[in-house]
>>> print(open('final.cif').read())   # mmCIF, C-alpha atoms; chains and numbers go by the auth columns
data_run
#
loop_
_atom_site.group_PDB
_atom_site.id
_atom_site.type_symbol
_atom_site.label_atom_id
_atom_site.label_comp_id
_atom_site.label_asym_id
_atom_site.label_seq_id
_atom_site.Cartn_x
_atom_site.Cartn_y
_atom_site.Cartn_z
_atom_site.B_iso_or_equiv
_atom_site.auth_seq_id
_atom_site.auth_asym_id
ATOM 1 C CA MET A 1 -202.767 126.530 -67.338 0.00 9 A
ATOM 2 C CA GLU A 2 -203.604 127.859 -63.911 0.00 10 A
ATOM 3 C CA TYR A 3 -200.961 126.987 -61.296 0.00 11 A
ATOM 4 C CA ARG A 4 -203.377 125.032 -59.080 0.00 12 A
ATOM 5 C CA ALA A 5 -204.467 122.909 -62.068 0.00 13 A
ATOM 6 C CA PHE A 6 -200.808 122.485 -63.028 0.00 14 A
ATOM 7 C CA CYS A 7 -199.984 121.171 -59.532 0.00 15 A
ATOM 8 C CA LYS A 8 -202.952 118.777 -59.643 0.00 16 A
ATOM 9 C CA VAL A 9 -201.857 117.300 -62.987 0.00 17 A
ATOM 10 C CA ARG A 10 -198.251 117.075 -61.757 0.00 18 A
ATOM 11 C CA ASP A 11 -199.297 115.237 -58.586 0.00 19 A
ATOM 12 C CA GLU A 12 -201.492 112.823 -60.544 0.00 20 A
ATOM 13 C CA PHE A 13 -198.652 112.218 -63.019 0.00 21 A
ATOM 14 C CA GLN A 14 -196.286 111.553 -60.123 0.00 22 A
ATOM 15 C CA ASP A 15 -198.741 109.004 -58.669 0.00 23 A
ATOM 16 C CA HIS A 16 -199.109 107.282 -62.050 0.00 24 A
ATOM 17 C CA ALA A 17 -195.328 107.232 -62.503 0.00 25 A
ATOM 18 C CA LYS A 18 -194.967 105.510 -59.126 0.00 26 A
ATOM 19 C CA THR A 19 -197.651 102.943 -60.004 0.00 27 A
ATOM 20 C CA LEU A 20 -195.966 102.187 -63.335 0.00 28 A
ATOM 21 C CA THR A 21 -192.546 101.975 -61.688 0.00 29 A
ATOM 22 C CA ASP A 22 -193.856 99.559 -59.063 0.00 30 A
ATOM 23 C CA ALA A 23 -195.517 97.422 -61.772 0.00 31 A
ATOM 24 C CA TRP A 24 -192.353 97.392 -63.878 0.00 32 A
ATOM 25 C CA GLN A 25 -190.241 96.340 -60.904 0.00 33 A
ATOM 26 C CA GLU A 26 -192.744 93.681 -59.853 0.00 34 A
ATOM 27 C CA THR A 27 -193.292 92.156 -63.314 0.00 35 A
ATOM 28 C CA GLY A 28 -189.919 92.837 -64.900 0.00 36 A
ATOM 29 C CA LYS A 29 -191.756 94.083 -67.998 0.00 37 A
ATOM 30 C CA ALA A 30 -190.848 97.456 -69.490 0.00 38 A
ATOM 31 C CA VAL A 31 -193.520 100.150 -69.288 0.00 39 A
ATOM 32 C CA ASN A 32 -192.948 101.299 -72.890 0.00 40 A
ATOM 33 C CA ALA A 33 -195.135 104.397 -72.570 0.00 41 A
ATOM 34 C CA ARG A 34 -194.964 106.553 -75.689 0.00 42 A
ATOM 35 C CA PHE A 35 -192.750 109.600 -75.379 0.00 43 A
ATOM 36 C CA PRO A 36 -194.735 112.830 -75.993 0.00 44 A
ATOM 37 C CA ARG A 37 -194.980 113.225 -79.771 0.00 45 A
ATOM 38 C CA GLY A 38 -193.754 116.460 -81.307 0.00 46 A
ATOM 39 C CA TYR A 39 -191.324 117.233 -78.509 0.00 47 A
ATOM 40 C CA ILE A 40 -188.273 115.692 -80.189 0.00 48 A
ATOM 41 C CA ARG A 41 -187.296 117.809 -83.170 0.00 49 A
ATOM 42 C CA THR A 42 -187.116 116.121 -86.572 0.00 50 A
ATOM 43 C CA TYR A 43 -184.109 115.891 -88.886 0.00 51 A
ATOM 44 C CA GLY A 44 -185.926 118.310 -91.187 0.00 52 A
ATOM 45 C CA GLU A 45 -186.104 120.895 -88.419 0.00 53 A
ATOM 46 C CA LEU A 46 -182.502 120.385 -87.315 0.00 54 A
ATOM 47 C CA ARG A 47 -180.445 120.015 -90.530 0.00 55 A
ATOM 48 C CA PRO A 48 -180.697 123.728 -91.525 0.00 56 A
ATOM 49 C CA ARG A 49 -178.740 124.597 -88.367 0.00 57 A
ATOM 50 C CA TRP A 50 -175.525 123.316 -89.987 0.00 58 A
ATOM 51 C CA PRO A 51 -175.547 124.196 -93.708 0.00 59 A
ATOM 52 C CA TYR A 52 -171.741 124.021 -93.826 0.00 60 A
ATOM 53 C CA LEU A 53 -171.623 120.338 -92.750 0.00 61 A
ATOM 54 C CA ASP A 54 -171.850 117.278 -94.960 0.00 62 A
ATOM 55 C CA GLU A 55 -174.914 115.045 -94.702 0.00 63 A
ATOM 56 C CA ALA A 56 -173.222 112.405 -92.524 0.00 64 A
ATOM 57 C CA HIS A 57 -172.233 114.967 -89.868 0.00 65 A
ATOM 58 C CA GLN A 58 -175.652 116.627 -90.044 0.00 66 A
ATOM 59 C CA THR A 59 -177.200 113.213 -89.352 0.00 67 A
ATOM 60 C CA LEU A 60 -174.836 112.577 -86.444 0.00 68 A
ATOM 61 C CA LEU A 61 -175.662 115.946 -84.903 0.00 69 A
ATOM 62 C CA CYS A 62 -179.401 115.451 -85.485 0.00 70 A
ATOM 63 C CA GLN A 63 -179.193 112.233 -83.471 0.00 71 A
ATOM 64 C CA MET A 64 -177.270 113.941 -80.672 0.00 72 A
ATOM 65 C CA VAL A 65 -179.655 116.906 -80.533 0.00 73 A
ATOM 66 C CA GLN A 66 -182.635 114.532 -80.437 0.00 74 A
ATOM 67 C CA LEU A 67 -181.004 112.886 -77.403 0.00 75 A
ATOM 68 C CA CYS A 68 -180.621 116.389 -75.950 0.00 76 A
ATOM 69 C CA ASP A 69 -184.374 116.918 -76.486 0.00 77 A
ATOM 70 C CA VAL A 70 -185.094 113.760 -74.461 0.00 78 A
ATOM 71 C CA ASN A 71 -182.659 114.871 -71.754 0.00 79 A
ATOM 72 C CA ARG A 72 -184.225 118.354 -71.654 0.00 80 A
ATOM 73 C CA TRP A 73 -187.639 116.765 -71.087 0.00 81 A
ATOM 74 C CA ASN A 74 -186.308 114.615 -68.249 0.00 82 A
ATOM 75 C CA LEU A 75 -184.318 117.467 -66.687 0.00 83 A
ATOM 76 C CA HIS A 76 -187.358 119.708 -66.501 0.00 84 A
ATOM 77 C CA LEU A 77 -189.951 117.083 -65.631 0.00 85 A
ATOM 78 C CA TRP A 78 -188.399 115.086 -62.813 0.00 86 A
ATOM 79 C CA ASP A 79 -187.226 116.372 -59.454 0.00 87 A
ATOM 80 C CA LEU A 80 -183.849 114.693 -59.111 0.00 88 A
ATOM 81 C CA SER A 81 -181.711 116.137 -56.389 0.00 89 A
ATOM 82 C CA GLY A 82 -178.583 115.173 -54.544 0.00 90 A
ATOM 83 C CA THR A 83 -175.941 112.992 -56.114 0.00 91 A
ATOM 84 C CA ALA A 84 -178.247 111.390 -58.697 0.00 92 A
ATOM 85 C CA GLY A 85 -179.544 114.797 -59.803 0.00 93 A
ATOM 86 C CA ALA A 86 -176.067 116.258 -60.109 0.00 94 A
ATOM 87 C CA ALA A 87 -174.829 113.233 -62.010 0.00 95 A
ATOM 88 C CA TYR A 88 -177.840 113.384 -64.337 0.00 96 A
ATOM 89 C CA VAL A 89 -177.213 117.051 -65.122 0.00 97 A
ATOM 90 C CA TRP A 90 -173.619 116.130 -65.950 0.00 98 A
ATOM 91 C CA TYR A 91 -174.768 113.141 -68.028 0.00 99 A
ATOM 92 C CA ALA A 92 -177.327 115.248 -69.922 0.00 100 A
ATOM 93 C CA THR A 93 -174.763 117.979 -70.597 0.00 101 A
ATOM 94 C CA ILE A 94 -172.237 115.642 -72.226 0.00 102 A
ATOM 95 C CA PRO A 95 -174.158 115.287 -75.532 0.00 103 A
ATOM 96 C CA VAL A 96 -174.491 119.077 -75.796 0.00 104 A
ATOM 97 C CA ILE A 97 -170.731 119.389 -75.388 0.00 105 A
ATOM 98 C CA ALA A 98 -170.203 116.546 -77.876 0.00 106 A
ATOM 99 C CA VAL A 99 -172.187 118.518 -80.476 0.00 107 A
ATOM 100 C CA MET A 100 -169.921 121.512 -79.873 0.00 108 A
ATOM 101 C CA GLU A 101 -166.808 119.369 -80.247 0.00 109 A
ATOM 102 C CA VAL A 102 -168.022 117.938 -83.570 0.00 110 A
ATOM 103 C CA LEU A 103 -168.862 121.440 -84.808 0.00 111 A
ATOM 104 C CA CYS A 104 -165.433 122.797 -83.869 0.00 112 A
ATOM 105 C CA ARG A 105 -163.602 119.810 -85.400 0.00 113 A
ATOM 106 C CA GLU A 106 -165.545 119.792 -88.642 0.00 114 A
ATOM 107 C CA PHE A 107 -165.469 123.567 -89.046 0.00 115 A
ATOM 108 C CA ALA A 108 -161.692 123.569 -88.605 0.00 116 A
ATOM 109 C CA LYS A 109 -161.444 120.862 -91.302 0.00 117 A
ATOM 110 C CA ILE A 110 -163.756 122.778 -93.660 0.00 118 A
ATOM 111 C CA LYS A 111 -161.589 125.871 -93.244 0.00 119 A
ATOM 112 C CA SER A 112 -158.394 123.760 -93.620 0.00 120 A
ATOM 113 C CA LEU A 113 -157.179 124.881 -90.197 0.00 121 A
ATOM 114 C CA LYS A 114 -154.607 122.508 -88.752 0.00 122 A
ATOM 115 C CA SER A 115 -154.696 121.939 -85.010 0.00 123 A
ATOM 116 C CA GLN A 116 -151.774 120.680 -82.928 0.00 124 A
ATOM 117 C CA GLN A 117 -153.672 117.550 -81.905 0.00 125 A
ATOM 118 C CA ASN A 118 -156.994 115.962 -82.713 0.00 126 A
ATOM 119 C CA ASN A 119 -158.845 116.921 -79.539 0.00 127 A
ATOM 120 C CA PHE A 120 -161.412 119.444 -78.420 0.00 128 A
ATOM 121 C CA PHE A 121 -158.817 121.659 -76.728 0.00 129 A
ATOM 122 C CA SER A 122 -156.859 122.023 -79.978 0.00 130 A
ATOM 123 C CA TYR A 123 -159.953 122.655 -82.101 0.00 131 A
ATOM 124 C CA ILE A 124 -161.005 125.482 -79.788 0.00 132 A
ATOM 125 C CA GLU A 125 -157.504 126.942 -79.880 0.00 133 A
ATOM 126 C CA VAL A 126 -157.155 126.833 -83.681 0.00 134 A
ATOM 127 C CA LEU A 127 -160.557 128.489 -84.145 0.00 135 A
ATOM 128 C CA LYS A 128 -159.614 131.146 -81.593 0.00 136 A
ATOM 129 C CA ALA A 129 -156.205 131.729 -83.219 0.00 137 A
ATOM 130 C CA ASN A 130 -157.922 132.271 -86.560 0.00 138 A
ATOM 131 C CA LYS A 131 -160.344 134.817 -85.068 0.00 139 A
ATOM 132 C CA ILE A 132 -163.393 132.610 -85.573 0.00 140 A
ATOM 133 C CA LEU A 133 -164.073 132.299 -81.841 0.00 141 A
ATOM 134 C CA THR A 134 -163.973 135.228 -79.455 0.00 142 A
ATOM 135 C CA ASP A 135 -161.940 134.969 -76.268 0.00 143 A
ATOM 136 C CA LYS A 136 -165.160 134.850 -74.265 0.00 144 A
ATOM 137 C CA LEU A 137 -166.670 131.989 -76.286 0.00 145 A
ATOM 138 C CA SER A 138 -163.420 130.014 -76.351 0.00 146 A
ATOM 139 C CA ASP A 139 -163.101 130.414 -72.567 0.00 147 A
ATOM 140 C CA GLU A 140 -166.647 129.097 -72.108 0.00 148 A
ATOM 141 C CA LEU A 141 -165.979 126.153 -74.447 0.00 149 A
ATOM 142 C CA HIS A 142 -162.840 125.303 -72.458 0.00 150 A
ATOM 143 C CA ARG A 143 -164.782 125.540 -69.194 0.00 151 A
ATOM 144 C CA LEU A 144 -167.429 123.176 -70.556 0.00 152 A
ATOM 145 C CA ARG A 145 -164.747 120.833 -71.911 0.00 153 A
ATOM 146 C CA LYS A 146 -163.278 120.632 -68.406 0.00 154 A
ATOM 147 C CA TYR A 147 -166.757 120.070 -66.952 0.00 155 A
ATOM 148 C CA ARG A 148 -167.229 117.180 -69.374 0.00 156 A
ATOM 149 C CA ASN A 149 -163.943 115.694 -68.188 0.00 157 A
ATOM 150 C CA THR A 150 -164.835 115.996 -64.485 0.00 158 A
ATOM 151 C CA VAL A 151 -166.129 112.509 -63.839 0.00 159 A
ATOM 152 C CA HIS A 152 -164.549 110.328 -66.464 0.00 160 A
ATOM 153 C CA LEU A 153 -161.061 111.753 -66.031 0.00 161 A
ATOM 154 C CA ASP A 154 -160.994 112.804 -62.379 0.00 162 A
ATOM 155 C CA ALA A 155 -162.679 110.426 -59.959 0.00 163 A
ATOM 156 C CA ALA A 156 -161.840 112.729 -57.051 0.00 164 A
ATOM 157 C CA LYS A 157 -164.331 115.299 -58.374 0.00 165 A
ATOM 158 C CA THR A 158 -168.041 114.844 -58.730 0.00 166 A
ATOM 159 C CA PRO A 159 -170.628 117.141 -60.298 0.00 167 A
ATOM 160 C CA THR A 160 -172.822 119.185 -58.001 0.00 168 A
ATOM 161 C CA ILE A 161 -176.398 120.328 -58.437 0.00 169 A
ATOM 162 C CA GLU A 162 -177.209 124.001 -58.144 0.00 170 A
ATOM 163 C CA GLY A 163 -179.388 125.218 -55.295 0.00 171 A
ATOM 164 C CA ASN A 164 -182.279 126.512 -57.417 0.00 172 A
ATOM 165 C CA GLY A 165 -183.119 123.067 -58.816 0.00 173 A
ATOM 166 C CA LEU A 166 -182.432 124.115 -62.409 0.00 174 A
ATOM 167 C CA PRO A 167 -179.867 122.293 -64.538 0.00 175 A
ATOM 168 C CA GLU A 168 -177.579 125.329 -64.724 0.00 176 A
ATOM 169 C CA GLU A 169 -174.595 123.637 -66.369 0.00 177 A
ATOM 170 C CA TRP A 170 -176.866 122.137 -68.987 0.00 178 A
ATOM 171 C CA ASN A 171 -178.466 125.532 -69.617 0.00 179 A
ATOM 172 C CA LYS A 172 -175.029 127.167 -69.910 0.00 180 A
ATOM 173 C CA ALA A 173 -173.940 124.489 -72.392 0.00 181 A
ATOM 174 C CA CYS A 174 -177.087 125.050 -74.483 0.00 182 A
ATOM 175 C CA HIS A 175 -176.442 128.817 -74.561 0.00 183 A
ATOM 176 C CA ALA A 176 -172.813 128.228 -75.572 0.00 184 A
ATOM 177 C CA LEU A 177 -173.969 125.856 -78.333 0.00 185 A
ATOM 178 C CA GLN A 178 -176.341 128.502 -79.701 0.00 186 A
ATOM 179 C CA GLU A 179 -173.572 131.097 -79.682 0.00 187 A
ATOM 180 C CA LEU A 180 -171.124 128.700 -81.323 0.00 188 A
ATOM 181 C CA GLU A 181 -173.628 127.813 -84.057 0.00 189 A
ATOM 182 C CA GLN A 182 -174.282 131.500 -84.804 0.00 190 A
ATOM 183 C CA THR A 183 -170.543 132.210 -84.891 0.00 191 A
ATOM 184 C CA LEU A 184 -169.772 129.338 -87.250 0.00 192 A
ATOM 185 C CA LYS A 185 -172.694 130.179 -89.545 0.00 193 A
ATOM 186 C CA GLN A 186 -171.464 133.768 -89.775 0.00 194 A
ATOM 187 C CA ASN A 187 -167.954 132.587 -90.613 0.00 195 A
ATOM 188 C CA SER A 188 -168.910 129.912 -93.140 0.00 196 A
#
>>> encode(input="final.cif", output="structure tokens")
Amino acid sequence: MEYRAFCKVRDEFQDHAKTLTDAWQETGKAVNARFPRGYIRTYGELRPRWPYLDEAHQTLLCQMVQLCDVNRWNLHLWDLSGTAGAAYVWYATIPVIAVMEVLCREFAKIKSLKSQQNNFFSYIEVLKANKILTDKLSDELHRLRKYRNTVHLDAAKTPTIEGNGLPEEWNKACHALQELEQTLKQNS
């Protein structure tokens, strides 16, 4: 699509979104517009990502990744800046990190690796100690784990939004998830 046409459609969409928002607020009735079909990946598309997991954990992760698909759509469609934008990036990143935590926990169980405690920190450490995770990947997982903890464990800190308008922390989490999935598949 030509950029000028893209901008025209975007501006019209923005106007329609405002009209619908005003109507929803005035009437108290939900808009209930259909989410774009085909954008959220199906269980059939997602399950092959985790051949080493049982069906229940595959289902759990399918649900989380579908939520990530919705969040990705919102992150790249709406211009949210300032505190709300930063908080939304943090909020959208949490499910990506949750998927990584489940993968680390379940992979450690599959491999019968005992961690010191039942938490994300320990799962990362036991996978690193057993040469499943590289130092670089384990460092990134720890950084993301701390990012996840920012708001709900430390009220003095708040997430910030990056200057280029892109959800950088979310993008970094998605890249780390891809690397983790490849690593675990190779080691299964």
>>> closest_residue(input="final.cif", among="A:His183, A:Lys26, A:Lys119, A:Lys136", to="Leu152 in chain A", atoms="only C-alpha atoms")
A:His183
>>> atom_distance(input="final.cif", atom1="CA of Glu133 in chain A", atom2="CA of Ala184 in chain A")
16.0 Å
>>> closest_residue(input="final.cif", among="A:Asn40, A:Ser123, A:Thr101, A:Thr158", to="Leu185 in chain A", atoms="only C-alpha atoms")
A:Thr101
>>> residues_around(input="final.cif", residues="His84 in chain A", least_positions_apart="4", cutoff="12 Å", atoms="only C-alpha atoms", output="list in words")
Asp77, Val78, Asn79, Arg80, Leu88, Gly93, Tyr96, Val97, Ala100, Gly173, Leu174, Pro175, Glu176, Trp178 and Asn179 of chain A
>>> closest_residue(input="final.cif", among="A:Gln124, A:Thr91, A:Glu189, A:Gln71", to="Pro56 in chain A", atoms="only C-alpha atoms")
A:Glu189
>>> atom_distance(input="final.cif", atom1="CA of Cys70 in chain A", atom2="CA of Val134 in chain A")
25.1 Å
>>> axis_aligned_box(input="final.cif", around="range 80-93 of chain A", padding_each_side="3 Å", output="JSON")
{"center_x": -182.9, "center_y": 115.5, "center_z": -63.1, "size_x": 20.0, "size_y": 14.3, "size_z": 23.1}
>>> atom_distance(input="final.cif", atom1="CA of Lys154 in chain A", atom2="CA of Ile105 in chain A")
10.3 Å
>>> closest_residue(input="final.cif", among="A:Gln74, A:Gln66, A:Gln33, A:Ser130", to="Gly46 in chain A", atoms="all atoms listed in the file")
A:Gln74
>>> residues_around(input="final.cif", residues="Leu54 in chain A", least_positions_apart="3", cutoff="9 Å", atoms="all atoms listed in the file", output="list in words")
Arg49, Thr50, Tyr51, Arg57, Trp58, Gln66, Leu69, Cys70 and Val73 of chain A
>>> write_last_selection(input="final.cif", atoms="C-alpha atoms", output="PDB file, in the coordinates of the input")
ATOM      1  CA  ARG A  49    -187.296 117.809 -83.170  1.00  0.00           C
ATOM      2  CA  THR A  50    -187.116 116.121 -86.572  1.00  0.00           C
ATOM      3  CA  TYR A  51    -184.109 115.891 -88.886  1.00  0.00           C
ATOM      4  CA  ARG A  57    -178.740 124.597 -88.367  1.00  0.00           C
ATOM      5  CA  TRP A  58    -175.525 123.316 -89.987  1.00  0.00           C
ATOM      6  CA  GLN A  66    -175.652 116.627 -90.044  1.00  0.00           C
ATOM      7  CA  LEU A  69    -175.662 115.946 -84.903  1.00  0.00           C
ATOM      8  CA  CYS A  70    -179.401 115.451 -85.485  1.00  0.00           C
ATOM      9  CA  VAL A  73    -179.655 116.906 -80.533  1.00  0.00           C
TER      10      VAL A  73
END
>>> closest_residue(input="final.cif", among="A:Thr191, A:Thr27, A:Asn126, A:Thr67", to="Glu109 in chain A", atoms="all atoms listed in the file")
A:Asn126
>>> closest_residue(input="final.cif", among="A:Glu187, A:Lys117, A:Ala38, A:Glu177", to="Ala94 in chain A", atoms="only C-alpha atoms")
A:Glu177
>>> resolve_selection(input="final.cif", expression="the PyMOL selection byres ((chain A and resi 141) around 12)", output="ChimeraX atom specification")
/A:112,115-116,131-140,142-150,184,187-195
